[in-house]
Amino acid sequence: MAILLSSTLIGCAADADRGESSQTDAVVVDTSFDIKTLDPARSFEPTGSIVNHVLYETLLTFDGDDVSAPIDGLASYELSDEDRVVTLTMKGGSTFSDGTPVTVDDAVFSLNRVKQIAGNPSFMLDGVEVEKTSDDTLTLTSEEPNPTLVYLLPNPSLGIVNSKVLQGNGGSAESDDTAETFLNETSAGSGPYVLESFDATSQIVLTANPEFQGEAPGSSRIVLRNVSGETQKLNVQSGESQVAIDLNPDQVAELDTDELNVETAASRYTVYMMMNQDSAVSTATSDPKFAAAVKSAIDYDKILALGGEGAERPGGLVPTSLLGALPVEQGNSFDQGAAEELLAASDYSGEEVVLHYANDTTVAGIALEPIALSVQSDLKAVGIDVALAPAPEATELDNYRSGGEAMGIWSWGADFPDPSNYFVFLPGENVGSRAMWETGASANLDALRAEAVAASGVDERNTAFQNLQVALNEEGPFIPLLQPALHIVTAKSIASVDSNLVWTVDLASIRYE
């Protein structure tokens with residue numbers, strides 16, 4: 001569970017003229033932008049996290065690609081009062097880009113600002129009281145046990161901003177904050193880079209922060225460009241860019257690995273299938289024996305092959321890299337004979353069942369249609385008539401969220417690297433409700449959830465969440481299908497680049513041979 005990155009460096013021959021650059025030159029990184037703002041208190045999109053991770057330091061962080069436990073960032077931490085209180089002690093020695101020291105007052109201001117703005121990241125501090133307790137300590141207090149909180153603090157949206165600079169430019173720890181425009185033009189952090197320019201549609205340029213007190217970043221300048229996957233491939237092949245992070249498995253397979261490096265990392269996404277529990281929507285999918293038949297009828301290895309190299313088959317909904325991940329051998333298994341017996345014992349009488357999915361989007365470069373076709377074929381083999389209903393995501397998303405789909409294929413990306421993020425799949429919760437799986441549907445799952453919430457310590461929490469997932473596989477309307485891979489392609493001149501489930505790529509880690 002401690003591993004996120006299974007780095008596979010492919011190819012060893014070098015082309016001295018391809019993608020070469022010195023440490024003082026710009027590194028060009030191509031990606032497909034998903035970003036609205038660079039104000040950390042308002043940003044919660046993947047590209048924003050990539051950038052804000054190197055503009056702002058956080059109170060806690062993760063060690064490279066390992067998200068199994070947080071480590072010290074700007075502060076050290078201690079949990080107490082049955083995980084209700086996190087005490088953070090500022091370590092000192094860090095300075096903002098204007099040369100002023102990072103203080104406990106900046107930390108308190110930054111976290112309260114996230115809470116009061118009430119933007120997308122604010123849920124991470126719901127029910128948390130932030131208080132300065134001395135010149136170098138602050139406490140975060142929750143009403144209930146909250147061991148998840150320390151896994152949230154490394155998120156770039158909780159980066160520490162220069163409170164004095166921000167207050168001079170519309171910033172406030174109250175709801176009247178107007179500093180977003182300022183932060184889209186000028187960063188106010190203590191990270192290894194500062195913002196030079198930001199265009200949400202084309203490119204973001206960063207330069208090394210001369211006041212940064214940690215290990216110097218690998219390049220003095222980063223140019224992050226908004227580029228489609230196919231163009232990313234052409235750019236990194238020609239040497240116009242040094243890094244591409246959005247290539248799909250087919251595009252990666254076409255690369256000459258004598259010319260380029262390819263690193264493969266597990267993504268944060270789980271592709272899953274949903275079966276509606278409302279008999280008014282589908283008498284078939286709401287039948288427990290039918291649902292069990294579907295789980296046994298799917299050839300999971302065939303779907304895994306669609307994901308290409310580096311893809312994984314999760315045992316449960318929690319990705320393989322997180323604490324509480326369920327080993328694949330404890331997950332659902334393909335058994336056509338058992339599926340036929342279960343289907344015969346159900347009330348299914350041959351009626352058509354519709355399977356919905358988005359046909360204009362991908363998950364880590366993987367299209368959903370081949371997965372839907374595979375499922376359709378497997379279910380047909382045991383006697384289930386499945387009609388495919390592809391539609392644009394913008395159209396189908398409303399149908400899914402309102403509980404109108406009989407069956408659907410969707411994905412979930414971890415908002416934070418802790419298995420409690422997957423409570424949303426339980427009865428009455430956000431995703432559970434989309435399957436019309438209402439509160440009180442399972443006393444067993446309610447009890448297992450309570451045990452997972454009460455669990456303390458890595459081993460106890462790991463066991464509790466695995467037990468919850470075993471029951472969710474057995475009783476729930478969700479079927480984990482695939483965990484796609486993230487492929488990072490670099491020029492031969494690049495010696496290293498670190499990935500992470502929370503911020504995708506650490507731009508400061510990009511170093512030359």
# chains A, B, ... in the order shown; residues from 1 in each chain; ligands from 1
call {"tool": "residues_around", "arguments": {"residues": "range 102-115 of chain A", "least_positions_apart": "6", "cutoff": "8 Å", "atoms": "only C-alpha atoms", "output": "PDB file with all heavy atoms, in the first residue's frame"}}
result
ATOM      1  N   ALA A  41      -6.812  28.492  -2.495  1.00  0.00           N
ATOM      2  CA  ALA A  41      -8.036  28.323  -1.705  1.00  0.00           C
ATOM      3  C   ALA A  41      -9.259  28.097  -2.583  1.00  0.00           C
ATOM      4  O   ALA A  41     -10.320  27.733  -2.077  1.00  0.00           O
ATOM      5  CB  ALA A  41      -8.260  29.544  -0.819  1.00  0.00           C
ATOM      6  N   ARG A  42      -9.114  28.311  -3.878  1.00  0.00           N
ATOM      7  CA  ARG A  42     -10.238  28.130  -4.808  1.00  0.00           C
ATOM      8  C   ARG A  42      -9.982  27.024  -5.831  1.00  0.00           C
ATOM      9  O   ARG A  42     -10.898  26.573  -6.508  1.00  0.00           O
ATOM     10  CB  ARG A  42     -10.529  29.448  -5.545  1.00  0.00           C
ATOM     11  CG  ARG A  42     -11.065  30.559  -4.655  1.00  0.00           C
ATOM     12  CD  ARG A  42     -11.257  31.847  -5.453  1.00  0.00           C
ATOM     13  NE  ARG A  42     -12.061  32.830  -4.736  1.00  0.00           N
ATOM     14  CZ  ARG A  42     -11.565  33.768  -3.933  1.00  0.00           C
ATOM     15  NH1 ARG A  42     -10.252  33.833  -3.735  1.00  0.00           N
ATOM     16  NH2 ARG A  42     -12.374  34.629  -3.314  1.00  0.00           N
ATOM     17  N   LEU A  59       1.777  22.411   5.208  1.00  0.00           N
ATOM     18  CA  LEU A  59       2.199  22.079   6.573  1.00  0.00           C
ATOM     19  C   LEU A  59       2.729  20.650   6.650  1.00  0.00           C
ATOM     20  O   LEU A  59       3.710  20.378   7.336  1.00  0.00           O
ATOM     21  CB  LEU A  59       1.029  22.275   7.533  1.00  0.00           C
ATOM     22  CG  LEU A  59       0.588  23.735   7.697  1.00  0.00           C
ATOM     23  CD1 LEU A  59      -0.726  23.827   8.456  1.00  0.00           C
ATOM     24  CD2 LEU A  59       1.674  24.545   8.412  1.00  0.00           C
ATOM     25  N   MET A  90       5.419  24.559  13.872  1.00  0.00           N
ATOM     26  CA  MET A  90       6.165  25.108  12.747  1.00  0.00           C
ATOM     27  C   MET A  90       7.660  24.828  12.939  1.00  0.00           C
ATOM     28  O   MET A  90       8.209  25.026  14.023  1.00  0.00           O
ATOM     29  CB  MET A  90       5.926  26.608  12.627  1.00  0.00           C
ATOM     30  CG  MET A  90       4.457  27.000  12.475  1.00  0.00           C
ATOM     31  SD  MET A  90       3.680  26.394  10.963  1.00  0.00           S
ATOM     32  CE  MET A  90       4.513  27.399   9.727  1.00  0.00           C
ATOM     33  N   GLY A  92      10.166  26.261  11.157  1.00  0.00           N
ATOM     34  CA  GLY A  92      10.989  27.448  10.964  1.00  0.00           C
ATOM     35  C   GLY A  92      11.987  27.262   9.826  1.00  0.00           C
ATOM     36  O   GLY A  92      12.195  26.152   9.307  1.00  0.00           O
ATOM     37  N   GLY A  93      12.579  28.360   9.400  1.00  0.00           N
ATOM     38  CA  GLY A  93      13.608  28.304   8.371  1.00  0.00           C
ATOM     39  C   GLY A  93      13.109  28.514   6.961  1.00  0.00           C
ATOM     40  O   GLY A  93      13.908  28.656   6.031  1.00  0.00           O
ATOM     41  N   SER A  94      11.795  28.535   6.749  1.00  0.00           N
ATOM     42  CA  SER A  94      11.243  28.755   5.411  1.00  0.00           C
ATOM     43  C   SER A  94      10.911  30.231   5.221  1.00  0.00           C
ATOM     44  O   SER A  94      10.485  30.907   6.168  1.00  0.00           O
ATOM     45  CB  SER A  94       9.986  27.917   5.199  1.00  0.00           C
ATOM     46  OG  SER A  94      10.294  26.539   5.186  1.00  0.00           O
ATOM     47  N   THR A  95      11.099  30.699   3.996  1.00  0.00           N
ATOM     48  CA  THR A  95      10.791  32.095   3.697  1.00  0.00           C
ATOM     49  C   THR A  95       9.919  32.181   2.449  1.00  0.00           C
ATOM     50  O   THR A  95      10.003  31.343   1.549  1.00  0.00           O
ATOM     51  CB  THR A  95      12.072  32.919   3.455  1.00  0.00           C
ATOM     52  OG1 THR A  95      12.800  32.335   2.371  1.00  0.00           O
ATOM     53  CG2 THR A  95      12.941  32.948   4.698  1.00  0.00           C
ATOM     54  N   PHE A  96       9.099  33.212   2.410  1.00  0.00           N
ATOM     55  CA  PHE A  96       8.294  33.478   1.221  1.00  0.00           C
ATOM     56  C   PHE A  96       9.181  34.067   0.131  1.00  0.00           C
ATOM     57  O   PHE A  96      10.346  34.430   0.369  1.00  0.00           O
ATOM     58  CB  PHE A  96       7.155  34.437   1.560  1.00  0.00           C
ATOM     59  CG  PHE A  96       6.079  33.817   2.394  1.00  0.00           C
ATOM     60  CD1 PHE A  96       5.864  34.254   3.706  1.00  0.00           C
ATOM     61  CD2 PHE A  96       5.275  32.808   1.896  1.00  0.00           C
ATOM     62  CE1 PHE A  96       4.857  33.692   4.483  1.00  0.00           C
ATOM     63  CE2 PHE A  96       4.271  32.237   2.664  1.00  0.00           C
ATOM     64  CZ  PHE A  96       4.071  32.672   3.963  1.00  0.00           C
ATOM     65  N   PRO A 121     -12.170  23.434  -2.484  1.00  0.00           N
ATOM     66  CA  PRO A 121     -11.336  22.709  -1.520  1.00  0.00           C
ATOM     67  C   PRO A 121     -11.827  22.783  -0.070  1.00  0.00           C
ATOM     68  O   PRO A 121     -11.279  22.090   0.793  1.00  0.00           O
ATOM     69  CB  PRO A 121      -9.974  23.407  -1.632  1.00  0.00           C
ATOM     70  CG  PRO A 121     -10.060  24.327  -2.782  1.00  0.00           C
ATOM     71  CD  PRO A 121     -11.496  24.649  -2.973  1.00  0.00           C
ATOM     72  N   SER A 122     -12.819  23.599   0.217  1.00  0.00           N
ATOM     73  CA  SER A 122     -13.171  23.869   1.616  1.00  0.00           C
ATOM     74  C   SER A 122     -13.683  22.642   2.352  1.00  0.00           C
ATOM     75  O   SER A 122     -13.608  22.582   3.594  1.00  0.00           O
ATOM     76  CB  SER A 122     -14.215  24.995   1.693  1.00  0.00           C
ATOM     77  OG  SER A 122     -15.433  24.591   1.096  1.00  0.00           O
ATOM     78  N   PHE A 123     -14.190  21.637   1.614  1.00  0.00           N
ATOM     79  CA  PHE A 123     -14.719  20.444   2.282  1.00  0.00           C
ATOM     80  C   PHE A 123     -13.650  19.761   3.129  1.00  0.00           C
ATOM     81  O   PHE A 123     -13.962  19.068   4.103  1.00  0.00           O
ATOM     82  CB  PHE A 123     -15.265  19.456   1.248  1.00  0.00           C
ATOM     83  CG  PHE A 123     -14.208  18.659   0.535  1.00  0.00           C
ATOM     84  CD1 PHE A 123     -13.840  17.403   0.998  1.00  0.00           C
ATOM     85  CD2 PHE A 123     -13.585  19.157  -0.598  1.00  0.00           C
ATOM     86  CE1 PHE A 123     -12.859  16.664   0.349  1.00  0.00           C
ATOM     87  CE2 PHE A 123     -12.606  18.420  -1.252  1.00  0.00           C
ATOM     88  CZ  PHE A 123     -12.247  17.172  -0.778  1.00  0.00           C
ATOM     89  N   LEU A 125     -11.730  20.968   5.212  1.00  0.00           N
ATOM     90  CA  LEU A 125     -11.670  21.531   6.566  1.00  0.00           C
ATOM     91  C   LEU A 125     -13.058  21.677   7.187  1.00  0.00           C
ATOM     92  O   LEU A 125     -13.221  22.392   8.177  1.00  0.00           O
ATOM     93  CB  LEU A 125     -10.955  22.891   6.530  1.00  0.00           C
ATOM     94  CG  LEU A 125      -9.480  22.845   6.109  1.00  0.00           C
ATOM     95  CD1 LEU A 125      -8.917  24.259   6.010  1.00  0.00           C
ATOM     96  CD2 LEU A 125      -8.647  22.004   7.072  1.00  0.00           C
ATOM     97  N   ASP A 126     -14.041  20.984   6.641  1.00  0.00           N
ATOM     98  CA  ASP A 126     -15.390  21.018   7.221  1.00  0.00           C
ATOM     99  C   ASP A 126     -15.349  20.510   8.661  1.00  0.00           C
ATOM    100  O   ASP A 126     -14.783  19.446   8.949  1.00  0.00           O
ATOM    101  CB  ASP A 126     -16.347  20.132   6.413  1.00  0.00           C
ATOM    102  CG  ASP A 126     -16.833  20.811   5.150  1.00  0.00           C
ATOM    103  OD1 ASP A 126     -16.575  22.015   4.985  1.00  0.00           O
ATOM    104  OD2 ASP A 126     -17.467  20.125   4.314  1.00  0.00           O
ATOM    105  N   VAL A 130      -9.551  25.939  13.462  1.00  0.00           N
ATOM    106  CA  VAL A 130      -8.131  26.256  13.351  1.00  0.00           C
ATOM    107  C   VAL A 130      -7.788  27.319  14.389  1.00  0.00           C
ATOM    108  O   VAL A 130      -8.418  28.378  14.435  1.00  0.00           O
ATOM    109  CB  VAL A 130      -7.788  26.771  11.945  1.00  0.00           C
ATOM    110  CG1 VAL A 130      -6.295  27.069  11.829  1.00  0.00           C
ATOM    111  CG2 VAL A 130      -8.228  25.774  10.883  1.00  0.00           C
ATOM    112  N   GLU A 131      -6.777  27.042  15.214  1.00  0.00           N
ATOM    113  CA  GLU A 131      -6.463  27.983  16.298  1.00  0.00           C
ATOM    114  C   GLU A 131      -4.953  28.062  16.524  1.00  0.00           C
ATOM    115  O   GLU A 131      -4.260  27.036  16.586  1.00  0.00           O
ATOM    116  CB  GLU A 131      -7.146  27.528  17.589  1.00  0.00           C
ATOM    117  CG  GLU A 131      -6.922  28.461  18.767  1.00  0.00           C
ATOM    118  CD  GLU A 131      -7.592  27.969  20.038  1.00  0.00           C
ATOM    119  OE1 GLU A 131      -8.134  26.845  20.031  1.00  0.00           O
ATOM    120  OE2 GLU A 131      -7.566  28.716  21.042  1.00  0.00           O
ATOM    121  N   LYS A 132      -4.435  29.295  16.648  1.00  0.00           N
ATOM    122  CA  LYS A 132      -3.044  29.511  17.044  1.00  0.00           C
ATOM    123  C   LYS A 132      -2.942  29.288  18.539  1.00  0.00           C
ATOM    124  O   LYS A 132      -3.698  29.872  19.313  1.00  0.00           O
ATOM    125  CB  LYS A 132      -2.616  30.935  16.685  1.00  0.00           C
ATOM    126  CG  LYS A 132      -1.214  31.295  17.163  1.00  0.00           C
ATOM    127  CD  LYS A 132      -0.868  32.744  16.810  1.00  0.00           C
ATOM    128  CE  LYS A 132       0.505  33.136  17.357  1.00  0.00           C
ATOM    129  NZ  LYS A 132       0.854  34.542  17.014  1.00  0.00           N
ATOM    130  N   ASP A 135       3.517  30.843  19.651  1.00  0.00           N
ATOM    131  CA  ASP A 135       4.224  31.520  18.566  1.00  0.00           C
ATOM    132  C   ASP A 135       4.667  30.560  17.468  1.00  0.00           C
ATOM    133  O   ASP A 135       5.023  31.007  16.363  1.00  0.00           O
ATOM    134  CB  ASP A 135       5.450  32.256  19.109  1.00  0.00           C
ATOM    135  CG  ASP A 135       5.061  33.502  19.904  1.00  0.00           C
ATOM    136  OD1 ASP A 135       3.910  33.952  19.748  1.00  0.00           O
ATOM    137  OD2 ASP A 135       5.898  34.005  20.668  1.00  0.00           O
ATOM    138  N   ASP A 136       4.672  29.263  17.740  1.00  0.00           N
ATOM    139  CA  ASP A 136       5.076  28.316  16.699  1.00  0.00           C
ATOM    140  C   ASP A 136       4.160  27.095  16.585  1.00  0.00           C
ATOM    141  O   ASP A 136       4.506  26.129  15.905  1.00  0.00           O
ATOM    142  CB  ASP A 136       6.531  27.868  16.899  1.00  0.00           C
ATOM    143  CG  ASP A 136       6.742  27.121  18.204  1.00  0.00           C
ATOM    144  OD1 ASP A 136       5.795  27.015  19.007  1.00  0.00           O
ATOM    145  OD2 ASP A 136       7.870  26.623  18.410  1.00  0.00           O
ATOM    146  N   THR A 137       2.997  27.129  17.224  1.00  0.00           N
ATOM    147  CA  THR A 137       2.082  25.989  17.117  1.00  0.00           C
ATOM    148  C   THR A 137       0.661  26.439  16.799  1.00  0.00           C
ATOM    149  O   THR A 137       0.236  27.545  17.139  1.00  0.00           O
ATOM    150  CB  THR A 137       2.041  25.155  18.420  1.00  0.00           C
ATOM    151  OG1 THR A 137       1.578  25.982  19.489  1.00  0.00           O
ATOM    152  CG2 THR A 137       3.393  24.575  18.758  1.00  0.00           C
ATOM    153  N   LEU A 138      -0.062  25.546  16.116  1.00  0.00           N
ATOM    154  CA  LEU A 138      -1.483  25.719  15.884  1.00  0.00           C
ATOM    155  C   LEU A 138      -2.148  24.360  16.042  1.00  0.00           C
ATOM    156  O   LEU A 138      -1.498  23.318  15.906  1.00  0.00           O
ATOM    157  CB  LEU A 138      -1.772  26.292  14.496  1.00  0.00           C
ATOM    158  CG  LEU A 138      -1.420  25.459  13.255  1.00  0.00           C
ATOM    159  CD1 LEU A 138      -2.326  25.844  12.078  1.00  0.00           C
ATOM    160  CD2 LEU A 138       0.041  25.678  12.853  1.00  0.00           C
ATOM    161  N   LEU A 158      -4.264  23.515   0.230  1.00  0.00           N
ATOM    162  CA  LEU A 158      -4.034  23.963   1.604  1.00  0.00           C
ATOM    163  C   LEU A 158      -2.628  24.535   1.755  1.00  0.00           C
ATOM    164  O   LEU A 158      -2.065  24.570   2.854  1.00  0.00           O
ATOM    165  CB  LEU A 158      -4.267  22.808   2.584  1.00  0.00           C
ATOM    166  CG  LEU A 158      -5.668  22.189   2.555  1.00  0.00           C
ATOM    167  CD1 LEU A 158      -5.803  21.108   3.629  1.00  0.00           C
ATOM    168  CD2 LEU A 158      -6.753  23.244   2.738  1.00  0.00           C
ATOM    169  N   GLY A 159      -2.059  25.005   0.635  1.00  0.00           N
ATOM    170  CA  GLY A 159      -0.750  25.648   0.681  1.00  0.00           C
ATOM    171  C   GLY A 159      -0.784  26.927   1.493  1.00  0.00           C
ATOM    172  O   GLY A 159      -1.802  27.624   1.570  1.00  0.00           O
ATOM    173  N   ILE A 160       0.345  27.247   2.101  1.00  0.00           N
ATOM    174  CA  ILE A 160       0.437  28.416   2.996  1.00  0.00           C
ATOM    175  C   ILE A 160       0.840  29.658   2.194  1.00  0.00           C
ATOM    176  O   ILE A 160       1.851  29.667   1.507  1.00  0.00           O
ATOM    177  CB  ILE A 160       1.443  28.158   4.128  1.00  0.00           C
ATOM    178  CG1 ILE A 160       1.064  26.873   4.883  1.00  0.00           C
ATOM    179  CG2 ILE A 160       1.489  29.353   5.073  1.00  0.00           C
ATOM    180  CD1 ILE A 160      -0.372  26.815   5.380  1.00  0.00           C
ATOM    181  N   VAL A 161      -0.004  30.691   2.306  1.00  0.00           N
ATOM    182  CA  VAL A 161       0.224  31.937   1.572  1.00  0.00           C
ATOM    183  C   VAL A 161       0.775  33.006   2.504  1.00  0.00           C
ATOM    184  O   VAL A 161       0.633  32.935   3.731  1.00  0.00           O
ATOM    185  CB  VAL A 161      -1.082  32.443   0.920  1.00  0.00           C
ATOM    186  CG1 VAL A 161      -1.607  31.430  -0.082  1.00  0.00           C
ATOM    187  CG2 VAL A 161      -2.145  32.749   1.972  1.00  0.00           C
ATOM    188  N   ASN A 162       1.405  33.997   1.916  1.00  0.00           N
ATOM    189  CA  ASN A 162       1.958  35.131   2.653  1.00  0.00           C
ATOM    190  C   ASN A 162       0.796  36.042   3.067  1.00  0.00           C
ATOM    191  O   ASN A 162       0.240  36.772   2.256  1.00  0.00           O
ATOM    192  CB  ASN A 162       2.937  35.886   1.753  1.00  0.00           C
ATOM    193  CG  ASN A 162       3.710  36.962   2.474  1.00  0.00           C
ATOM    194  OD1 ASN A 162       3.196  37.599   3.383  1.00  0.00           O
ATOM    195  ND2 ASN A 162       4.949  37.171   2.053  1.00  0.00           N
ATOM    196  N   SER A 163       0.413  35.963   4.337  1.00  0.00           N
ATOM    197  CA  SER A 163      -0.801  36.646   4.789  1.00  0.00           C
ATOM    198  C   SER A 163      -0.695  38.166   4.657  1.00  0.00           C
ATOM    199  O   SER A 163      -1.674  38.834   4.288  1.00  0.00           O
ATOM    200  CB  SER A 163      -1.115  36.267   6.238  1.00  0.00           C
ATOM    201  OG  SER A 163      -0.048  36.603   7.103  1.00  0.00           O
ATOM    202  N   SER A 172      -8.343  37.934   2.570  1.00  0.00           N
ATOM    203  CA  SER A 172      -9.016  37.964   3.860  1.00  0.00           C
ATOM    204  C   SER A 172      -9.306  36.538   4.300  1.00  0.00           C
ATOM    205  O   SER A 172      -9.535  35.649   3.481  1.00  0.00           O
ATOM    206  CB  SER A 172     -10.332  38.747   3.754  1.00  0.00           C
ATOM    207  OG  SER A 172     -11.096  38.617   4.942  1.00  0.00           O
ATOM    208  N   ALA A 173      -9.296  36.322   5.615  1.00  0.00           N
ATOM    209  CA  ALA A 173      -9.696  35.032   6.179  1.00  0.00           C
ATOM    210  C   ALA A 173     -11.186  35.052   6.488  1.00  0.00           C
ATOM    211  O   ALA A 173     -11.689  34.214   7.235  1.00  0.00           O
ATOM    212  CB  ALA A 173      -8.888  34.719   7.425  1.00  0.00           C
ATOM    213  N   GLU A 174     -11.898  36.006   5.907  1.00  0.00           N
ATOM    214  CA  GLU A 174     -13.352  36.078   6.018  1.00  0.00           C
ATOM    215  C   GLU A 174     -13.947  35.847   4.623  1.00  0.00           C
ATOM    216  O   GLU A 174     -13.226  35.656   3.650  1.00  0.00           O
ATOM    217  CB  GLU A 174     -13.779  37.444   6.571  1.00  0.00           C
ATOM    218  CG  GLU A 174     -13.153  37.787   7.921  1.00  0.00           C
ATOM    219  CD  GLU A 174     -13.573  36.845   9.028  1.00  0.00           C
ATOM    220  OE1 GLU A 174     -14.664  36.250   8.927  1.00  0.00           O
ATOM    221  OE2 GLU A 174     -12.808  36.700   9.996  1.00  0.00           O
ATOM    222  N   SER A 175     -15.239  35.920   4.522  1.00  0.00           N
ATOM    223  CA  SER A 175     -15.899  35.608   3.251  1.00  0.00           C
ATOM    224  C   SER A 175     -15.787  36.723   2.216  1.00  0.00           C
ATOM    225  O   SER A 175     -16.249  36.570   1.087  1.00  0.00           O
ATOM    226  CB  SER A 175     -17.379  35.292   3.500  1.00  0.00           C
ATOM    227  OG  SER A 175     -18.015  36.391   4.142  1.00  0.00           O
ATOM    228  N   ASP A 177     -13.074  37.885   0.791  1.00  0.00           N
ATOM    229  CA  ASP A 177     -11.791  37.810   0.093  1.00  0.00           C
ATOM    230  C   ASP A 177     -11.951  38.131  -1.398  1.00  0.00           C
ATOM    231  O   ASP A 177     -12.859  37.629  -2.068  1.00  0.00           O
ATOM    232  CB  ASP A 177     -11.206  36.405   0.246  1.00  0.00           C
ATOM    233  CG  ASP A 177      -9.881  36.248  -0.460  1.00  0.00           C
ATOM    234  OD1 ASP A 177      -9.877  35.925  -1.669  1.00  0.00           O
ATOM    235  OD2 ASP A 177      -8.844  36.454   0.183  1.00  0.00           O
ATOM    236  N   SER A 190       6.025  30.026  -0.649  1.00  0.00           N
ATOM    237  CA  SER A 190       7.413  29.756  -0.260  1.00  0.00           C
ATOM    238  C   SER A 190       7.949  28.529  -0.975  1.00  0.00           C
ATOM    239  O   SER A 190       8.951  27.951  -0.553  1.00  0.00           O
ATOM    240  CB  SER A 190       7.499  29.546   1.260  1.00  0.00           C
ATOM    241  OG  SER A 190       6.688  28.443   1.669  1.00  0.00           O
TER     242      SER A 190
END
call {"tool": "residues_around", "arguments": {"residues": "Val27 in chain A", "least_positions_apart": "5", "cutoff": "7 Å", "atoms": "only C-alpha atoms", "output": "compact mmCIF listing (two decimals) with all heavy atoms, in the first residue's frame"}}
result
# COMPACT_ATOMS: atom_id res chain seq x y z
N SER A 219 15.28 22.76 -12.54
CA SER A 219 15.37 23.71 -13.65
C SER A 219 15.04 25.11 -13.16
O SER A 219 14.26 25.28 -12.23
CB SER A 219 14.41 23.32 -14.77
OG SER A 219 14.36 24.32 -15.77
N ARG A 221 13.48 27.27 -14.94
CA ARG A 221 12.25 27.76 -15.57
C ARG A 221 11.43 26.58 -16.08
O ARG A 221 11.97 25.66 -16.69
CB ARG A 221 12.60 28.70 -16.73
CG ARG A 221 11.45 29.57 -17.23
CD ARG A 221 12.03 30.70 -18.09
NE ARG A 221 11.00 31.66 -18.49
CZ ARG A 221 10.42 31.68 -19.69
NH1 ARG A 221 10.79 30.79 -20.61
NH2 ARG A 221 9.52 32.58 -19.99
N ILE A 222 10.12 26.62 -15.84
CA ILE A 222 9.20 25.60 -16.32
C ILE A 222 8.15 26.26 -17.20
O ILE A 222 7.55 27.27 -16.80
CB ILE A 222 8.48 24.88 -15.15
CG1 ILE A 222 9.49 24.13 -14.27
CG2 ILE A 222 7.40 23.94 -15.67
CD1 ILE A 222 9.99 22.83 -14.83
N VAL A 223 7.93 25.71 -18.39
CA VAL A 223 6.85 26.15 -19.25
C VAL A 223 5.87 24.99 -19.36
O VAL A 223 6.19 23.95 -19.96
CB VAL A 223 7.35 26.57 -20.64
CG1 VAL A 223 6.17 27.00 -21.52
CG2 VAL A 223 8.38 27.70 -20.53
N GLN A 242 10.15 18.49 -23.35
CA GLN A 242 10.96 17.48 -22.67
C GLN A 242 10.10 16.48 -21.89
O GLN A 242 10.57 15.39 -21.56
CB GLN A 242 11.94 18.15 -21.69
CG GLN A 242 13.11 18.85 -22.35
CD GLN A 242 12.70 20.13 -23.05
OE1 GLN A 242 12.08 21.00 -22.44
NE2 GLN A 242 13.04 20.25 -24.32
call {"tool": "residues_around", "arguments": {"residues": "Asp506 in chain A", "least_positions_apart": "5", "cutoff": "9 Å", "atoms": "only C-alpha atoms", "output": "PyMOL selection string"}}
result
chain A and resi 50-51+53-54+64+497-500
call {"tool": "closest_residue", "arguments": {"among": "A:Gly308, A:Gly404, A:Pro390, A:Gly316", "to": "Gln277 in chain A", "atoms": "only C-alpha atoms"}}
result
A:Gly404
call {"tool": "atom_distance", "arguments": {"atom1": "CA of Leu326 in chain A", "atom2": "CA of Pro154 in chain A"}}
result
24.1 Å
call {"tool": "residues_around", "arguments": {"residues": "Val382 in chain A", "least_positions_apart": "5", "cutoff": "9 Å", "atoms": "only C-alpha atoms", "output": "PDB file with N, CA, C and O atoms, in the first residue's frame"}}
result
ATOM      1  N   ALA A 293     -24.962 -12.254 -10.418  1.00  0.00           N
ATOM      2  CA  ALA A 293     -24.666 -12.918 -11.690  1.00  0.00           C
ATOM      3  C   ALA A 293     -23.788 -12.043 -12.574  1.00  0.00           C
ATOM      4  O   ALA A 293     -22.834 -12.517 -13.203  1.00  0.00           O
ATOM      5  N   VAL A 294     -24.092 -10.751 -12.619  1.00  0.00           N
ATOM      6  CA  VAL A 294     -23.292  -9.822 -13.415  1.00  0.00           C
ATOM      7  C   VAL A 294     -21.851  -9.777 -12.910  1.00  0.00           C
ATOM      8  O   VAL A 294     -20.894  -9.810 -13.704  1.00  0.00           O
ATOM      9  N   ALA A 297     -20.081 -12.765 -14.144  1.00  0.00           N
ATOM     10  CA  ALA A 297     -20.054 -12.937 -15.599  1.00  0.00           C
ATOM     11  C   ALA A 297     -18.952 -12.138 -16.280  1.00  0.00           C
ATOM     12  O   ALA A 297     -18.568 -12.442 -17.410  1.00  0.00           O
ATOM     13  N   GLN A 336     -18.093 -18.029 -15.181  1.00  0.00           N
ATOM     14  CA  GLN A 336     -19.252 -18.044 -16.062  1.00  0.00           C
ATOM     15  C   GLN A 336     -20.311 -19.036 -15.589  1.00  0.00           C
ATOM     16  O   GLN A 336     -21.518 -18.754 -15.646  1.00  0.00           O
ATOM     17  N   GLY A 337     -19.875 -20.198 -15.091  1.00  0.00           N
ATOM     18  CA  GLY A 337     -20.827 -21.195 -14.600  1.00  0.00           C
ATOM     19  C   GLY A 337     -21.632 -20.677 -13.428  1.00  0.00           C
ATOM     20  O   GLY A 337     -22.868 -20.848 -13.375  1.00  0.00           O
ATOM     21  N   ALA A 339     -22.183 -17.566 -12.751  1.00  0.00           N
ATOM     22  CA  ALA A 339     -23.046 -16.488 -13.248  1.00  0.00           C
ATOM     23  C   ALA A 339     -24.335 -17.052 -13.834  1.00  0.00           C
ATOM     24  O   ALA A 339     -25.432 -16.518 -13.592  1.00  0.00           O
ATOM     25  N   GLU A 340     -24.222 -18.129 -14.594  1.00  0.00           N
ATOM     26  CA  GLU A 340     -25.413 -18.738 -15.190  1.00  0.00           C
ATOM     27  C   GLU A 340     -26.362 -19.280 -14.127  1.00  0.00           C
ATOM     28  O   GLU A 340     -27.586 -19.154 -14.230  1.00  0.00           O
ATOM     29  N   LEU A 343     -28.040 -16.316 -12.381  1.00  0.00           N
ATOM     30  CA  LEU A 343     -29.030 -15.696 -13.258  1.00  0.00           C
ATOM     31  C   LEU A 343     -30.305 -16.543 -13.306  1.00  0.00           C
ATOM     32  O   LEU A 343     -31.421 -16.009 -13.283  1.00  0.00           O
TER      33      LEU A 343
END
